[in-house]
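The file start.cif contains mmCIF, C-alpha atoms and all ligand atoms:
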data_start
#
loop_
_atom_site.label_atom_id
_atom_site.label_comp_id
_atom_site.auth_asym_id
_atom_site.auth_seq_id
_atom_site.Cartn_x
_atom_site.Cartn_y
_atom_site.Cartn_z
CA MET W 10 -6.18 -10.91 39.62
CA ARG W 11 -5.40 -13.38 42.33
CA ILE W 12 -5.38 -16.74 40.68
CA GLY W 13 -5.02 -19.14 43.49
CA SER W 14 -3.16 -19.78 46.67
CA PRO W 15 -1.07 -22.62 47.96
CA SER W 16 -3.59 -23.15 50.75
CA GLU W 17 -6.12 -24.34 48.19
CA GLY W 18 -3.83 -27.22 47.55
CA LEU W 19 -4.00 -26.65 43.84
CA LEU W 20 -0.76 -24.95 43.22
CA ARG W 21 2.49 -26.31 44.41
CA LEU W 22 4.30 -23.18 43.67
CA LYS W 23 3.47 -19.80 45.08
CA ALA W 24 0.94 -17.94 43.02
CA PHE W 25 1.21 -14.24 42.67
CA SER W 26 -0.91 -11.59 41.06
CA TRP W 27 -0.74 -11.00 37.33
CA ARG W 28 -0.38 -7.29 38.01
CA SER W 29 2.79 -7.74 40.04
CA CYS W 30 4.13 -10.10 37.40
CA ALA W 31 3.39 -7.65 34.62
CA ASN W 32 5.27 -5.01 36.55
CA GLY W 33 8.30 -7.20 36.45
CA TRP W 34 8.26 -8.43 40.01
CA ALA W 35 8.41 -12.06 40.97
CA GLY W 36 9.15 -13.60 44.31
CA GLU W 37 11.99 -16.00 44.82
CA GLY W 38 11.26 -19.33 43.21
CA ASP W 39 8.38 -18.03 41.15
CA PRO W 40 8.65 -19.67 37.78
CA PHE W 41 8.31 -17.13 35.04
CA ARG W 42 10.02 -16.28 31.86
CA ARG W 43 10.18 -12.98 30.12
CA GLN W 44 10.02 -13.43 26.42
CA TRP W 45 9.10 -11.30 23.48
CA GLY W 46 8.25 -8.43 25.80
CA LEU W 47 5.60 -10.45 27.58
CA PHE W 48 5.69 -12.38 30.78
CA GLN W 49 4.81 -15.98 30.46
CA GLN W 50 3.81 -17.53 33.73
CA VAL W 51 4.03 -21.22 34.33
CA PHE W 52 2.53 -22.87 37.35
CA LEU W 53 3.20 -26.38 38.42
CA VAL W 54 -0.13 -27.88 39.34
CA ALA W 55 -0.86 -30.88 41.48
CA GLU W 56 -4.43 -31.63 40.35
CA LYS W 57 -5.01 -30.71 36.76
CA ALA W 58 -8.69 -31.70 36.84
CA LYS W 59 -9.48 -28.92 39.30
CA LEU W 60 -7.97 -26.20 37.22
CA ASP W 61 -10.80 -25.29 34.86
CA ALA W 62 -11.03 -21.92 36.57
CA LEU W 63 -7.56 -21.09 35.37
CA LYS W 64 -8.18 -22.01 31.75
CA HIS W 65 -9.00 -18.52 30.62
CA SER W 66 -6.52 -16.69 32.78
CA ALA W 67 -3.17 -15.50 31.54
CA VAL W 68 -1.56 -18.52 33.08
CA GLN W 69 -0.11 -21.56 31.48
CA VAL W 70 -0.97 -24.60 33.52
CA VAL W 71 1.29 -27.59 33.34
CA THR W 72 1.38 -30.90 35.12
CA GLN W 73 4.37 -31.86 37.20
CA ARG W 74 5.57 -34.34 34.58
CA GLN W 75 5.50 -31.72 31.86
CA ALA W 76 6.91 -28.91 33.94
CA MET W 77 10.60 -29.13 33.10
CA SER W 78 10.27 -29.11 29.37
CA GLN W 79 7.23 -26.83 29.16
CA SER W 80 8.61 -24.06 31.28
CA ALA W 81 11.16 -23.54 28.53
CA PRO W 82 10.53 -20.62 26.17
CA GLN W 83 8.17 -21.63 23.41
CA SER W 84 9.49 -21.75 19.87
CA ALA W 85 8.96 -18.65 17.83
CA GLU W 86 8.88 -18.34 14.08
CA ILE W 87 12.30 -16.89 13.55
CA SER W 88 13.97 -17.33 10.19
CA GLY W 89 17.57 -18.37 10.57
CA ALA W 90 18.34 -17.62 6.91
CA PRO W 91 20.44 -14.50 7.56
CA PHE W 92 22.36 -15.80 10.57
CA LYS W 93 25.87 -17.14 11.03
CA VAL W 94 26.02 -19.61 13.91
CA GLY W 95 29.10 -21.06 15.63
CA ILE W 96 28.78 -24.21 17.71
CA ALA W 97 31.40 -25.80 19.96
CA ALA W 98 30.51 -29.23 21.34
CA ALA W 99 32.42 -31.33 23.86
CA ARG W 100 33.29 -34.96 23.08
CA TYR W 101 33.09 -36.01 26.71
CA ASN W 102 29.86 -37.95 27.34
CA GLU W 103 29.48 -38.24 23.58
CA GLN W 104 26.27 -40.28 23.64
CA PHE W 105 24.54 -37.29 25.23
CA VAL W 106 26.40 -34.39 23.65
CA GLY W 107 26.07 -35.97 20.22
CA ALA W 108 22.30 -36.01 20.69
CA LEU W 109 22.24 -32.37 21.84
CA LEU W 110 24.24 -31.43 18.78
CA ARG W 111 21.96 -33.31 16.38
CA GLN W 112 18.84 -31.76 17.93
CA ALA W 113 20.29 -28.26 17.88
CA VAL W 114 21.54 -28.48 14.30
CA ASP W 115 18.22 -29.94 13.21
CA VAL W 116 16.30 -26.96 14.64
CA LEU W 117 18.75 -24.46 13.14
CA ARG W 118 18.57 -26.06 9.68
CA LYS W 119 14.79 -26.24 9.78
CA ALA W 120 14.73 -22.56 10.74
CA GLY W 121 16.69 -21.82 7.57
CA VAL W 122 20.28 -21.45 8.78
CA LYS W 123 22.41 -22.16 5.72
CA GLU W 124 25.02 -24.91 5.77
CA ARG W 125 27.80 -22.47 4.90
CA ASN W 126 26.80 -20.26 7.82
CA LEU W 127 26.95 -23.04 10.38
CA THR W 128 30.35 -23.87 11.87
CA VAL W 129 30.64 -26.81 14.26
CA VAL W 130 33.86 -27.59 16.14
CA ARG W 131 34.45 -30.36 18.64
CA VAL W 132 36.60 -30.08 21.79
CA PRO W 133 37.73 -32.74 24.30
CA GLY W 134 35.55 -31.69 27.24
CA SER W 135 33.31 -28.93 28.54
CA ASN W 136 36.30 -27.26 30.13
CA GLU W 137 37.55 -26.44 26.63
CA LEU W 138 34.27 -24.90 25.46
CA PRO W 139 34.94 -21.26 26.42
CA ALA W 140 38.28 -21.15 24.56
CA ALA W 141 36.70 -22.72 21.48
CA ILE W 142 33.79 -20.31 21.61
CA GLN W 143 36.21 -17.41 21.90
CA LEU W 144 38.15 -18.61 18.84
CA LEU W 145 34.93 -19.05 16.88
CA ALA W 146 33.79 -15.57 17.87
CA GLU W 147 37.06 -14.04 16.69
CA ARG W 148 37.51 -16.00 13.48
CA ARG W 149 33.97 -16.30 12.16
CA ARG W 150 32.17 -13.33 13.67
CA PRO W 151 28.92 -15.29 14.00
CA ASP W 152 25.63 -13.74 15.07
CA VAL W 153 25.42 -16.20 17.92
CA LEU W 154 27.49 -18.94 19.51
CA LEU W 155 26.33 -22.13 21.14
CA ALA W 156 28.38 -24.20 23.60
CA LEU W 157 27.22 -27.79 24.08
CA GLY W 158 28.40 -30.17 26.76
CA VAL W 159 27.21 -32.59 29.39
CA ILE W 160 28.76 -32.65 32.83
CA ILE W 161 27.80 -35.56 35.06
CA ARG W 162 28.48 -35.73 38.78
CA GLY W 163 31.40 -37.98 39.59
CA ASP W 164 33.06 -39.18 42.75
CA THR W 165 34.91 -35.92 43.23
CA ILE W 166 33.91 -32.26 43.11
CA HIS W 167 35.69 -31.92 39.78
CA TYR W 168 32.39 -31.74 37.92
CA GLU W 169 31.25 -28.83 40.07
CA LEU W 170 34.45 -26.91 39.43
CA ILE W 171 34.18 -27.44 35.69
CA ALA W 172 30.48 -26.56 35.58
CA GLU W 173 31.00 -23.34 37.48
CA ALA W 174 34.14 -22.30 35.63
CA VAL W 175 32.55 -22.99 32.24
CA THR W 176 29.41 -21.04 33.11
CA HIS W 177 31.40 -17.98 34.15
CA ALA W 178 33.84 -18.22 31.26
CA LEU W 179 31.05 -18.47 28.67
CA GLN W 180 29.46 -15.31 30.06
CA ARG W 181 32.81 -13.58 29.96
CA VAL W 182 33.44 -14.56 26.37
CA ALA W 183 29.97 -13.34 25.41
CA LEU W 184 30.53 -9.95 26.99
CA ASP W 185 34.12 -9.58 25.76
CA ALA W 186 33.25 -10.63 22.21
CA ARG W 187 29.98 -8.71 22.25
CA ARG W 188 28.27 -11.77 20.85
CA PRO W 189 25.53 -13.80 22.51
CA VAL W 190 26.73 -17.16 23.76
CA ILE W 191 24.13 -19.80 24.58
CA ASN W 192 25.16 -21.95 27.51
CA GLY W 193 24.13 -25.39 26.33
CA VAL W 194 25.97 -27.29 29.01
CA VAL W 195 23.72 -29.76 30.77
CA VAL W 196 24.78 -30.47 34.33
CA ALA W 197 23.32 -33.71 35.61
CA GLU W 198 23.43 -35.70 38.82
CA ASN W 199 23.67 -38.99 36.97
CA GLU W 200 23.38 -40.63 33.56
CA ALA W 201 19.61 -41.09 33.87
CA GLN W 202 19.15 -37.36 34.35
CA ALA W 203 21.43 -36.65 31.41
CA ALA W 204 19.48 -39.13 29.28
CA ASP W 205 16.18 -37.42 30.16
CA ARG W 206 17.57 -34.10 29.02
CA CYS W 207 19.41 -35.21 25.91
CA LEU W 208 17.82 -38.38 24.60
CA GLY W 209 14.12 -38.02 25.00
CA LYS W 210 11.76 -36.52 27.49
CA ILE W 211 13.32 -33.06 27.57
CA ASP W 212 14.69 -31.74 24.29
CA ARG W 213 17.40 -29.44 25.54
CA GLY W 214 19.23 -29.40 22.20
CA ALA W 215 16.21 -27.90 20.46
CA GLU W 216 15.70 -25.49 23.33
CA PHE W 217 19.29 -24.23 23.08
CA ALA W 218 18.95 -23.80 19.32
CA ARG W 219 15.76 -21.76 19.73
CA ALA W 220 17.53 -19.58 22.30
CA ALA W 221 20.33 -19.09 19.76
CA LEU W 222 17.86 -18.02 17.06
CA ALA W 223 16.18 -15.61 19.46
CA MET W 224 19.47 -14.00 20.44
CA ALA W 225 20.70 -13.78 16.85
CA ALA W 226 17.46 -12.05 15.90
CA LEU W 227 17.81 -9.67 18.83
CA GLY W 228 21.34 -8.79 17.73
CA ARG W 229 20.11 -7.90 14.24
CA VAL W 230 17.25 -5.77 15.57
CA LEU W 231 19.45 -3.87 18.00
CA SER W 232 22.24 -3.27 15.51
CA LYS W 233 19.89 -1.38 13.17
N1 LIG B 1 34.09 -33.02 30.67
C1 LIG B 1 32.77 -32.95 30.40
O1 LIG B 1 32.36 -32.34 29.42
N2 LIG B 1 31.85 -33.55 31.24
C2 LIG B 1 32.24 -34.21 32.37
O2 LIG B 1 31.37 -34.75 33.08
C3 LIG B 1 33.61 -34.29 32.67
N3 LIG B 1 34.03 -34.91 33.80
C4 LIG B 1 35.36 -34.92 34.07
C5 LIG B 1 35.79 -35.52 35.26
C6 LIG B 1 37.13 -35.54 35.57
C7 LIG B 1 37.57 -36.16 36.85
C8 LIG B 1 38.08 -34.95 34.67
C9 LIG B 1 39.54 -34.95 35.00
C10 LIG B 1 37.66 -34.36 33.51
C11 LIG B 1 36.31 -34.35 33.19
N4 LIG B 1 35.86 -33.74 32.02
C12 LIG B 1 34.53 -33.67 31.77
C13 LIG B 1 36.82 -33.24 31.00
C14 LIG B 1 37.12 -31.76 31.15
O3 LIG B 1 36.04 -31.00 30.67
C15 LIG B 1 38.37 -31.37 30.34
O4 LIG B 1 38.25 -31.84 29.02
C16 LIG B 1 39.64 -31.92 30.93
O5 LIG B 1 39.72 -31.61 32.29
C17 LIG B 1 40.87 -31.34 30.22
O6 LIG B 1 40.92 -29.93 30.38
#

Mind converting the file's structure to structure tokens?
Amino acid sequence: MRIGSPSEGLLRLKAFSWRSCANGWAGEGDPFRRQWGLFQQVFLVAEKAKLDALKHSAVQVVTQRQAMSQSAPQSAEISGAPFKVGIAAARYNEQFVGALLRQAVDVLRKAGVKERNLTVVRVPGSNELPAAIQLLAERRRPDVLLALGVIIRGDTIHYELIAEAVTHALQRVALDARRPVINGVVVAENEAQAADRCLGKIDRGAEFARAALAMAALGRVLSK
């Protein structure tokens, strides 16, 4: 099913056939997410009014303004009641990280994660997150770990070095500890971008918490 083409001026992003998507193929830059065994396709659309034809297709149509938050995986009804969760959150850029932490904890509690099964530790900056996550993984044996931080571009390339090192180190800890680690480190160009992602328009904290629930659930299913 060919659902549109950039030449029609409707879709900003390259459209591709549902069949190729379902087979697991997507061209570079194609926005899609694989979740719950299904492919969810999200297209960024310039003129929403002209998109009636797409309403009944297997395509989620979003406007440009909505695109960033809506291309995130949708929340699923996962009960957090059985899970142990470990969170490490940086203190650097506290006004933003504090908000991420509140949002994430709120989602986890509402999903049923018990207070006694939720461990939160704070570290000076994002650079310290991987070590804290590793300690949490060893000491508490949680189902899932969540690292929260906000790195904002500064005058030097320091922020880039930290962002890259933290990303790699979190993956390493996850694989070494055989525990899923959610990378909840927001990397922003400036404070306005960080504010969008942590204080309002885009609820990254909730998104990270939902990813944590999904990975904890996966761990339980696969360990059976
Ligand atoms: N930590 C963050 O979590 N976010 C930042 O944006 C951030 N920027 C930093 C910029 C500079 C120049 C330095 C020296 C540190 C920064 N840190 C930041 C702190 C860093 O993650 C770490 O705590 C310290 O480098 C100590 O290891």

Exercise. Can I get the residues close to ligand LIG 1 (chain B) as a VMD selection string, where close means within 6 Å and we count all atoms listed in the file?
Worked result: chain W and resid 99 101 133 to 137 158 to 161 167 to 168

Hey, which bits of stretch 97-165 of chain W sit within 12 Å of stretch 201-208 of chain W, and for each residue what's the closest pair of atoms and how far apart in Å (one decimal), counting only C-alpha atoms, rows by chain and increasing number, as a tab-separated table?
residue	atom	partner	partner_atom	distance
W:Asn102	CA	W:Ala203	CA	9.5
W:Glu103	CA	W:Cys207	CA	10.8
W:Gln104	CA	W:Leu208	CA	8.7
W:Phe105	CA	W:Cys207	CA	5.6
W:Val106	CA	W:Cys207	CA	7.4
W:Gly107	CA	W:Cys207	CA	8.8
W:Ala108	CA	W:Cys207	CA	6.0
W:Leu109	CA	W:Cys207	CA	5.7
W:Leu110	CA	W:Cys207	CA	9.4
W:Arg111	CA	W:Cys207	CA	10.0
W:Gln112	CA	W:Cys207	CA	8.7
W:Ala113	CA	W:Cys207	CA	10.7
W:Leu157	CA	W:Cys207	CA	10.9
W:Gly158	CA	W:Cys207	CA	10.3
W:Val159	CA	W:Ala203	CA	7.3
W:Ile160	CA	W:Ala203	CA	8.5
W:Ile161	CA	W:Ala203	CA	7.4
W:Arg162	CA	W:Ala203	CA	10.2

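The residue that comes closest to W:Val182, out of W:Gly163, W:Pro91, W:Gly121, W:Pro139 and on the basis of all atoms listed in the file, is W:Pro139.
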
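Between atom CA of W:Leu179 and atom CA of W:Val116 lies a distance of 22.1 Å.
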
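Near W:Arg150, within a cut-off of 9 Å and counting only C-alpha atoms, sit the residues Lys93, Val94, Gly95, Leu145, Ala146, Glu147, Val153 and Arg188 of chain W, with same-chain residues fewer than 3 positions away left out.
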
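With all atoms listed in the file as the atoms that count, the minimum distance from W:Val196 to the choices W:Ala183, W:Ala226, W:Ala220, W:Ala172 is reached by W:Ala172.
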
For this session: Would you work out the distance separating atom CA of W:Glu200 from atom CA of W:Ile171, expressed in Å to one decimal?
Result: 17.2 Å

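Of the residues listed (W:Leu222, W:Val175, W:Leu227, W:Val195), W:Leu222 shows the shortest atom-to-atom separation from W:Ser88; distances use all atoms listed in the file.
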
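Counting from atom CA of W:Arg125, the distance to atom CA of W:Arg213 is 24.1 Å.
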
Enclose all atoms of stretch 191-205 of chain W listed in the file in an axis-aligned box, grow every side by 3 Å, and hand back centre and edge lengths in Å to one decimal, as lines of an AutoDock Vina configuration file.
center_x = 21.1
center_y = -30.4
center_z = 31.7
size_x = 15.8
size_y = 27.3
size_z = 20.2

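Shortest atom-to-atom contact with W:Glu216 among W:Ala140, W:Ile166, W:Glu173, W:Val114: W:Val114, counting only C-alpha atoms.
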